[in-house]
Amino acid sequence: MKRDKTINKLLLSKKSQSSLFGQQIAGEVKEEKRLNVLDTINSPKELKKLDRQQLKILAQEIRDKIIEVVSKNGGHLGGPLGAVELTLAVHYVFDAPNDKIVIDTGHQSYPHKLVTGRRDDFHTLRQYKGICGFCNIEESEYDVFGAGHASTAISAALGIAKARDFKNENYKVVAMVGDGAITAGLAFEGLNNAGASKTDILIILNDNRMSISPNVGAMSNHLNKIVLHHGYFELRRKTGNFLRKIGVGEDSVNKLSKAEELLRTLATQGLFFESMGFQYFGPIDGHNLDELIPALQNIKNLKGPVLLHVKTEKGKGYAFAEKDIDKFHGMSPFDPMNGQKYVTTTKMTWTDAFANALIRVAEQDKRIVAITAAMKSGTGLNKFEKHFPERTFDVGIAEQHAVTFAGGLAISGMKPVCAIYSTFLQRAYDQIIHDVCLQNLGVIFALDRAGLVGDDGPTHNGPFDIAYFRAIPNIIMMVPKDENELQHMLYTATLLKGPCSLRYPRGNAVGVGLDSELRKLEIGKGEVIKEGNDLLILGVGPILYDAMQAVEELKCSAAIINARFVKPLDEELILKYSKKIKNIITLEEATINGGFGSAVLELLNKNSIKSTIKIIGVPDKFIEHGKPDIQKKLAGIDKDSIKKAIEEMLRKK
């Protein structure tokens, strides 16, 4: 108790201020005496011992810590900074880990991690063997459901709530969902089912985009001050009981209740959610703990599905992030004093190469339109949009819709390019098959971040696209070894009548020169990069450059073929070389299961060619987060692994 009073005295001193970046908070403490509130928080239990003033100071300290670590390690910034007070309020009112708090997407989970026992390890965020940048069930019991992709929280939370009911257990289930994530089809499916289920569940809609007109907002705020008052629900219950006692029928009581709810929802824009079966409250200020905590306390024990709508600001508390929301959504290391990224290289990235090539081909072909799913800057379509704003479509977090939308454009004579991360396109697999490939429509799938992506880890790695596309009829699959080949492949894709995929990795491109003229590649034809006699290396993608260096360093006689196409394979070229060279290594930055190497094996088996074959690719496991060179070493697809495979192959010769 004495310790708490000492902390109180320090924290509430009139001279306290933020230790980083000069943000204004209540009080100021001399540096040698200052005791951070965050240093006292080892679990959410400690939060409940703090008063409101201490919580506000803690919110600023959390922001400082997030800015400090993300500026060094890179990571998401705008989202976590905007969710600080909301996270504190939820953990203050609910009793995690007994109560289950499901955080959608997970990139808003940094404040959650800091108050759930991971403060001392937070400096390892997104580093190899360090704290994951998303919720991870293996990392903490407080991470209830793993998520790196958006829009899963409502469905997962409903499943958890139903399991609770089935087992007659007693705990609360809360899903925290962003307004961007709630636009996805999966979120609507979850809302529809949750509302109809009548299950006790709280959805918190963290809205940092939607605007509300002043008049409606004023009425909304007024009514919510009433409905979120601690006596409101008790008064509502007593009124119902009184009406029943004096003989008012149950139907009439229900009608009066519905009339009250309708009046409230019409004024607060909650009619949509009420129509889905939710009791709707909000919007309220998501940065005001004096509003958030009472609101959560008073709806905590309501029965049935409840939705609380809170308004927050991305990047809250860091001026640079507040001004440029898109830039500070996800950041590489930067200078926290000016918000500028550290320049580590001037090389063109694969994303830049794709965007530049797309602009070039679109200048020649007016049919070309570009589609992305809430990732304009990530896919380079922000550059394309500057040239062709009317031909750029951002459909939100809705990959399924993006693909079928592209199908509609294609069947009407346009040439749509779907620029979507490999990991996110997985979400639209049925649409790829049913709505595009089955009808043989000319949609181009540009798969950014194909392969291993580094610090974002297994939720964002994209090694599966070769395997999941290979199984589908009608599609042509191309993999450029460098940015020059990428531009020719994209141009070639625009000339095709049917669907095709074009995959390329994250990060810097190879750095080769670009041809001034675009040329059409012959479909299904590879190229011989190097002649040799002792070993045949077949590969796709920039991993071939590692193979070339490995062969040069080992000074061995190896034939190297850039297959270019995974589907259709250059069967004639592969068979010609495999008949005379029996030691074969295949290379790809993609999963071994069902990948390019598997396609080569199938071809050789079909033609009764017996060879000694080593497939180098991503193994049948999820590769954890870490720097790209660490991930590649873990997967066995780095240059040293290729050299080792070559040496082992030649020793057996």
# chains A, B, ... in the order shown; residues from 1 in each chain; ligands from 1
$ closest_atom_pairs --of "range 325-355 of chain A" --to "range 121-139 of chain A" --cutoff "12 Å" --atoms "only C-alpha atoms" --output "tab-separated table"
residue	atom	partner	partner_atom	distance
A:Gly330	CA	A:Gly133	CA	11.0
A:Ser332	CA	A:Arg126	CA	11.3
A:Pro333	CA	A:Arg126	CA	11.9
$ residues_around --residues "Gly539 in chain A" --least-positions-apart "4" --cutoff "6 Å" --atoms "only C-alpha atoms" --output "mmCIF file with C-alpha atoms, in the first residue's frame"
data_model
loop_
_atom_site.group_PDB
_atom_site.id
_atom_site.type_symbol
_atom_site.label_atom_id
_atom_site.label_comp_id
_atom_site.auth_asym_id
_atom_site.auth_seq_id
_atom_site.Cartn_x
_atom_site.Cartn_y
_atom_site.Cartn_z
ATOM 1 C CA ASN A 562 15.593 -20.437 -66.172
ATOM 2 C CA ALA A 563 12.260 -22.170 -66.760
ATOM 3 C CA THR A 586 15.307 -27.671 -58.870
ATOM 4 C CA LEU A 587 15.031 -24.245 -57.259
ATOM 5 C CA GLU A 588 12.111 -22.086 -56.140
#
$ residues_around --residues "Glu485 in chain A" --least-positions-apart "4" --cutoff "10 Å" --atoms "only C-alpha atoms" --output "list in words"
Met478, Val479, Pro480, Lys481, Met489, Leu490, Tyr491, Val512, Leu514, Asp515, Leu518, Arg519, Leu521, Gly541 and Arg564 of chain A
$ residues_around --residues "range 457-466 of chain A" --least-positions-apart "2" --cutoff "6 Å" --atoms "only C-alpha atoms" --output "JSON list (two decimals) with N, CA and C atoms, in the first residue's frame"
[["chain", "number", "residue", "atom", "x", "y", "z"],
["A", 148, "GLY", "N", -2.99, -12.62, -38.55],
["A", 148, "GLY", "CA", -2.22, -11.63, -39.26],
["A", 148, "GLY", "C", -3.03, -11.08, -40.42],
["A", 422, "SER", "N", 0.62, -12.35, -52.25],
["A", 422, "SER", "CA", 0.40, -13.79, -52.36],
["A", 422, "SER", "C", -0.37, -14.35, -51.17],
["A", 423, "THR", "N", -0.01, -13.92, -49.96],
["A", 423, "THR", "CA", -0.65, -14.45, -48.76],
["A", 423, "THR", "C", -2.12, -14.06, -48.68],
["A", 450, "ALA", "N", 5.58, -12.63, -52.91],
["A", 450, "ALA", "CA", 5.61, -14.08, -53.09],
["A", 450, "ALA", "C", 6.90, -14.62, -52.49],
["A", 451, "GLY", "N", 6.80, -15.71, -51.75],
["A", 451, "GLY", "CA", 7.97, -16.25, -51.08],
["A", 451, "GLY", "C", 7.99, -15.85, -49.62],
["A", 452, "LEU", "N", 9.18, -15.72, -49.04],
["A", 452, "LEU", "CA", 9.34, -15.37, -47.64],
["A", 452, "LEU", "C", 9.49, -13.86, -47.50],
["A", 453, "VAL", "N", 8.80, -13.29, -46.50],
["A", 453, "VAL", "CA", 8.71, -11.82, -46.43],
["A", 453, "VAL", "C", 9.50, -11.20, -45.28],
["A", 454, "GLY", "N", 10.12, -12.01, -44.43],
["A", 454, "GLY", "CA", 10.94, -11.43, -43.37],
["A", 454, "GLY", "C", 10.20, -11.23, -42.06],
["A", 455, "ASP", "N", 10.27, -10.02, -41.52],
["A", 455, "ASP", "CA", 9.84, -9.75, -40.14],
["A", 455, "ASP", "C", 8.36, -9.99, -39.88],
["A", 468, "TYR", "N", -0.92, -23.61, -55.23],
["A", 468, "TYR", "CA", -2.38, -23.48, -55.33],
["A", 468, "TYR", "C", -2.84, -23.09, -56.72],
["A", 469, "PHE", "N", -1.99, -22.44, -57.51],
["A", 469, "PHE", "CA", -2.34, -22.15, -58.90],
["A", 469, "PHE", "C", -2.11, -23.36, -59.82],
["A", 470, "ARG", "N", -1.09, -24.16, -59.53],
["A", 470, "ARG", "CA", -0.77, -25.29, -60.41],
["A", 470, "ARG", "C", -1.94, -26.26, -60.56],
["A", 590, "ALA", "N", 9.35, -21.15, -52.99],
["A", 590, "ALA", "CA", 7.95, -21.53, -52.83],
["A", 590, "ALA", "C", 7.93, -22.91, -52.19],
["A", 591, "THR", "N", 6.77, -23.30, -51.72],
["A", 591, "THR", "CA", 6.67, -24.58, -51.03],
["A", 591, "THR", "C", 7.02, -25.75, -51.95],
["A", 595, "GLY", "N", 4.93, -27.76, -55.87],
["A", 595, "GLY", "CA", 5.54, -26.60, -56.51],
["A", 595, "GLY", "C", 6.19, -26.90, -57.85],
["A", 622, "PHE", "N", 5.74, -23.91, -41.44],
["A", 622, "PHE", "CA", 5.63, -22.45, -41.45],
["A", 622, "PHE", "C", 6.95, -21.86, -40.94],
["A", 623, "ILE", "N", 7.51, -20.92, -41.68],
["A", 623, "ILE", "CA", 8.79, -20.32, -41.34],
["A", 623, "ILE", "C", 8.55, -19.10, -40.46],
["A", 624, "GLU", "N", 9.17, -19.08, -39.28],
["A", 624, "GLU", "CA", 8.93, -18.00, -38.32],
["A", 624, "GLU", "C", 9.54, -16.69, -38.79],
["A", 625, "HIS", "N", 9.15, -15.61, -38.09],
["A", 625, "HIS", "CA", 9.60, -14.29, -38.49],
["A", 625, "HIS", "C", 11.08, -14.08, -38.18]]
$ closest_residue --among "A:Ile204, A:Met276, A:Leu381, A:Met414" --to "Leu308 in chain A" --atoms "only C-alpha atoms"
A:Ile204
$ atom_distance --atom1 "CA of Val528 in chain A" --atom2 "CA of Gly597 in chain A"
17.4 Å
$ closest_residue --among "A:Phe273, A:His287, A:Ala428, A:Thr494" --to "Gln364 in chain A" --atoms "only C-alpha atoms"
A:Thr494
$ residues_around --residues "range 569-577 of chain A" --least-positions-apart "6" --cutoff "9 Å" --atoms "only C-alpha atoms" --output "NGL selection string"
:A and (523-528 or 536 or 538 or 559 or 561 or 563 or 599-600 or 603-604 or 607 or 609)
$ residues_around --residues "Val361 in chain A" --least-positions-apart "3" --cutoff "12 Å" --atoms "only C-alpha atoms" --output "list in words"
Phe354, Ala355, Asn356, Ala357, Leu358, Gln364, Asp365, Lys366, Arg367, Ile368, Val369, Ala370, Phe384, Phe388, Lys415, Val417, Gln487, His488, Met489, Leu490, Tyr491, Thr492, Ala493, Thr494, Leu495, Glu517, Leu518, Arg519 and Lys520 of chain A
$ write_last_selection --atoms "N, CA and C atoms" --output "compact mmCIF listing (two decimals), in the first residue's frame"
# COMPACT_ATOMS: atom_id res chain seq x y z
N PHE A 354 7.29 -3.49 -60.81
CA PHE A 354 5.95 -3.86 -61.30
C PHE A 354 5.13 -2.62 -61.62
N ALA A 355 5.12 -1.65 -60.71
CA ALA A 355 4.31 -0.44 -60.92
C ALA A 355 4.76 0.31 -62.17
N ASN A 356 6.05 0.44 -62.35
CA ASN A 356 6.57 1.14 -63.54
C ASN A 356 6.19 0.41 -64.82
N ALA A 357 6.29 -0.92 -64.79
CA ALA A 357 5.94 -1.71 -65.97
C ALA A 357 4.45 -1.61 -66.26
N LEU A 358 3.64 -1.61 -65.20
CA LEU A 358 2.19 -1.53 -65.40
C LEU A 358 1.81 -0.18 -66.02
N GLN A 364 -0.06 2.05 -73.37
CA GLN A 364 -0.24 1.49 -74.70
C GLN A 364 -1.60 0.81 -74.88
N ASP A 365 -2.20 0.40 -73.77
CA ASP A 365 -3.43 -0.41 -73.84
C ASP A 365 -4.47 0.18 -72.88
N LYS A 366 -5.49 0.80 -73.43
CA LYS A 366 -6.51 1.46 -72.62
C LYS A 366 -7.45 0.47 -71.93
N ARG A 367 -7.35 -0.81 -72.28
CA ARG A 367 -8.20 -1.81 -71.62
C ARG A 367 -7.71 -2.12 -70.21
N ILE A 368 -6.47 -1.81 -69.92
CA ILE A 368 -5.86 -2.22 -68.66
C ILE A 368 -6.38 -1.39 -67.50
N VAL A 369 -6.87 -2.08 -66.46
CA VAL A 369 -7.29 -1.46 -65.21
C VAL A 369 -6.59 -2.21 -64.08
N ALA A 370 -6.41 -1.54 -62.96
CA ALA A 370 -5.71 -2.14 -61.83
C ALA A 370 -6.62 -2.22 -60.61
N PHE A 384 0.54 4.00 -59.93
CA PHE A 384 -0.31 3.82 -61.10
C PHE A 384 -1.49 4.78 -61.05
N PHE A 388 -3.35 7.09 -63.78
CA PHE A 388 -4.65 6.61 -64.25
C PHE A 388 -5.63 6.47 -63.09
N LYS A 415 -9.02 -5.43 -69.37
CA LYS A 415 -7.87 -6.28 -69.01
C LYS A 415 -7.47 -5.96 -67.58
N VAL A 417 -5.83 -6.15 -63.89
CA VAL A 417 -4.64 -6.65 -63.21
C VAL A 417 -4.94 -6.61 -61.71
N GLN A 487 9.00 -7.03 -66.46
CA GLN A 487 8.28 -6.12 -67.35
C GLN A 487 7.86 -6.82 -68.65
N HIS A 488 8.71 -7.71 -69.17
CA HIS A 488 8.33 -8.44 -70.38
C HIS A 488 7.20 -9.43 -70.10
N MET A 489 7.23 -10.05 -68.92
CA MET A 489 6.16 -10.99 -68.57
C MET A 489 4.83 -10.28 -68.39
N LEU A 490 4.87 -9.10 -67.76
CA LEU A 490 3.62 -8.35 -67.59
C LEU A 490 3.06 -7.94 -68.95
N TYR A 491 3.91 -7.49 -69.83
CA TYR A 491 3.47 -7.13 -71.18
C TYR A 491 2.89 -8.35 -71.89
N THR A 492 3.57 -9.49 -71.76
CA THR A 492 3.08 -10.73 -72.37
C THR A 492 1.70 -11.10 -71.82
N ALA A 493 1.53 -10.94 -70.51
CA ALA A 493 0.26 -11.28 -69.87
C ALA A 493 -0.90 -10.47 -70.42
N THR A 494 -0.63 -9.22 -70.78
CA THR A 494 -1.71 -8.37 -71.30
C THR A 494 -2.16 -8.80 -72.69
N LEU A 495 -1.37 -9.62 -73.36
CA LEU A 495 -1.70 -10.08 -74.71
C LEU A 495 -2.43 -11.42 -74.71
N GLU A 517 12.53 -1.45 -74.90
CA GLU A 517 11.35 -1.93 -75.61
C GLU A 517 10.79 -3.17 -74.92
N LEU A 518 9.47 -3.20 -74.75
CA LEU A 518 8.82 -4.38 -74.19
C LEU A 518 8.66 -5.43 -75.28
N ARG A 519 8.84 -6.68 -74.91
CA ARG A 519 8.70 -7.75 -75.91
C ARG A 519 7.85 -8.89 -75.37
N LYS A 520 7.18 -9.56 -76.27
CA LYS A 520 6.35 -10.70 -75.92
C LYS A 520 7.21 -11.94 -75.80
$ closest_residue --among "A:Val395, A:Ile646, A:Ala353, A:Val540" --to "Arg506 in chain A" --atoms "only C-alpha atoms"
A:Ala353
$ residues_around --residues "Asn440 in chain A" --least-positions-apart "2" --cutoff "8 Å" --atoms "only C-alpha atoms" --output "list in words"
Val436, Cys437, Leu438, Gly442, Asn474, Ile475, Lys497, Gly498 and Pro499 of chain A
$ closest_residue --among "A:Met649, A:Leu634, A:Ile584, A:Leu88" --to "Leu38 in chain A" --atoms "only C-alpha atoms"
A:Leu88
$ closest_residue --among "A:Ile203, A:Leu186, A:Met477, A:Ala175" --to "Ala150 in chain A" --atoms "only C-alpha atoms"
A:Leu186
$ select_by_dssp --residues "range 427-608 of chain A" --states "strand (DSSP E or B)" --output "VMD selection string"
chain A and resid 444 to 448 451 462 476 to 478 500 to 503 508 527 to 530 535 to 539 558 to 562 565 to 567 583 to 591
$ write_last_selection --atoms "C-alpha atoms" --output "PDB file, in the first residue's frame"
ATOM      1  CA  ILE A 444      -3.800 -11.037 -64.563  1.00  0.00           C
ATOM      2  CA  PHE A 445      -2.863 -11.942 -60.990  1.00  0.00           C
ATOM      3  CA  ALA A 446       0.182  -9.918 -59.900  1.00  0.00           C
ATOM      4  CA  LEU A 447       1.365 -11.576 -56.704  1.00  0.00           C
ATOM      5  CA  ASP A 448       3.532  -9.257 -54.648  1.00  0.00           C
ATOM      6  CA  GLY A 451       7.969 -16.251 -51.076  1.00  0.00           C
ATOM      7  CA  GLY A 462       3.670 -16.169 -49.549  1.00  0.00           C
ATOM      8  CA  ILE A 476      -0.530 -19.646 -67.232  1.00  0.00           C
ATOM      9  CA  MET A 477       2.067 -19.164 -64.487  1.00  0.00           C
ATOM     10  CA  MET A 478       5.128 -16.950 -64.922  1.00  0.00           C
ATOM     11  CA  CYS A 500      -2.286 -15.837 -65.804  1.00  0.00           C
ATOM     12  CA  SER A 501      -0.283 -15.307 -62.623  1.00  0.00           C
ATOM     13  CA  LEU A 502       2.925 -13.371 -62.167  1.00  0.00           C
ATOM     14  CA  ARG A 503       4.783 -13.766 -58.858  1.00  0.00           C
ATOM     15  CA  ASN A 508      14.956  -4.931 -53.618  1.00  0.00           C
ATOM     16  CA  GLU A 527      16.114 -19.990 -71.390  1.00  0.00           C
ATOM     17  CA  VAL A 528      19.508 -21.598 -70.953  1.00  0.00           C
ATOM     18  CA  ILE A 529      21.595 -19.332 -68.717  1.00  0.00           C
ATOM     19  CA  LYS A 530      24.692 -21.506 -68.612  1.00  0.00           C
ATOM     20  CA  LEU A 535      24.800 -31.035 -63.053  1.00  0.00           C
ATOM     21  CA  LEU A 536      21.489 -29.615 -64.262  1.00  0.00           C
ATOM     22  CA  ILE A 537      19.936 -26.774 -62.277  1.00  0.00           C
ATOM     23  CA  LEU A 538      16.322 -25.914 -63.147  1.00  0.00           C
ATOM     24  CA  GLY A 539      14.722 -22.970 -61.441  1.00  0.00           C
ATOM     25  CA  ALA A 558      26.578 -27.034 -64.249  1.00  0.00           C
ATOM     26  CA  ALA A 559      23.911 -26.286 -66.816  1.00  0.00           C
ATOM     27  CA  ILE A 560      21.483 -23.672 -65.489  1.00  0.00           C
ATOM     28  CA  ILE A 561      18.028 -23.217 -66.993  1.00  0.00           C
ATOM     29  CA  ASN A 562      15.593 -20.437 -66.172  1.00  0.00           C
ATOM     30  CA  PHE A 565       7.034 -20.690 -66.828  1.00  0.00           C
ATOM     31  CA  VAL A 566       5.789 -23.087 -64.161  1.00  0.00           C
ATOM     32  CA  LYS A 567       2.705 -23.786 -66.257  1.00  0.00           C
ATOM     33  CA  ASN A 583      21.982 -35.075 -61.535  1.00  0.00           C
ATOM     34  CA  ILE A 584      19.244 -32.464 -61.221  1.00  0.00           C
ATOM     35  CA  ILE A 585      18.505 -29.710 -58.706  1.00  0.00           C
ATOM     36  CA  THR A 586      15.307 -27.671 -58.870  1.00  0.00           C
ATOM     37  CA  LEU A 587      15.031 -24.245 -57.259  1.00  0.00           C
ATOM     38  CA  GLU A 588      12.111 -22.086 -56.140  1.00  0.00           C
ATOM     39  CA  GLU A 589      11.210 -19.707 -53.324  1.00  0.00           C
ATOM     40  CA  ALA A 590       7.951 -21.533 -52.831  1.00  0.00           C
ATOM     41  CA  THR A 591       6.669 -24.580 -51.027  1.00  0.00           C
TER      42      THR A 591
END
$ decode --residues "range 462-494 of chain A" --atoms "C-alpha atoms" --output "compact mmCIF listing (two decimals), in the first residue's frame"
# COMPACT_ATOMS: atom_id res chain seq x y z
CA GLY A 462 3.67 -16.17 -49.55
CA PRO A 463 5.20 -19.54 -50.51
CA PHE A 464 1.98 -21.32 -51.48
CA ASP A 465 0.81 -19.61 -54.69
CA ILE A 466 2.70 -21.84 -57.13
CA ALA A 467 1.12 -24.91 -55.55
CA TYR A 468 -2.38 -23.48 -55.33
CA PHE A 469 -2.34 -22.15 -58.90
CA ARG A 470 -0.77 -25.29 -60.41
CA ALA A 471 -3.86 -27.31 -59.54
CA ILE A 472 -6.16 -25.07 -61.63
CA PRO A 473 -6.78 -25.62 -65.37
CA ASN A 474 -6.45 -22.80 -67.92
CA ILE A 475 -4.00 -20.61 -66.00
CA ILE A 476 -0.53 -19.65 -67.23
CA MET A 477 2.07 -19.16 -64.49
CA MET A 478 5.13 -16.95 -64.92
CA VAL A 479 8.00 -16.26 -62.52
CA PRO A 480 10.58 -13.58 -63.46
CA LYS A 481 14.19 -14.00 -62.40
CA ASP A 482 14.72 -10.20 -62.38
CA GLU A 483 12.91 -6.91 -62.93
CA ASN A 484 13.70 -6.82 -66.65
CA GLU A 485 12.02 -10.16 -67.15
CA LEU A 486 9.13 -8.98 -64.99
CA GLN A 487 8.28 -6.12 -67.35
CA HIS A 488 8.33 -8.44 -70.38
CA MET A 489 6.16 -10.99 -68.57
CA LEU A 490 3.62 -8.35 -67.59
CA TYR A 491 3.47 -7.13 -71.18
CA THR A 492 3.08 -10.73 -72.37
CA ALA A 493 0.26 -11.28 -69.87
CA THR A 494 -1.71 -8.37 -71.30
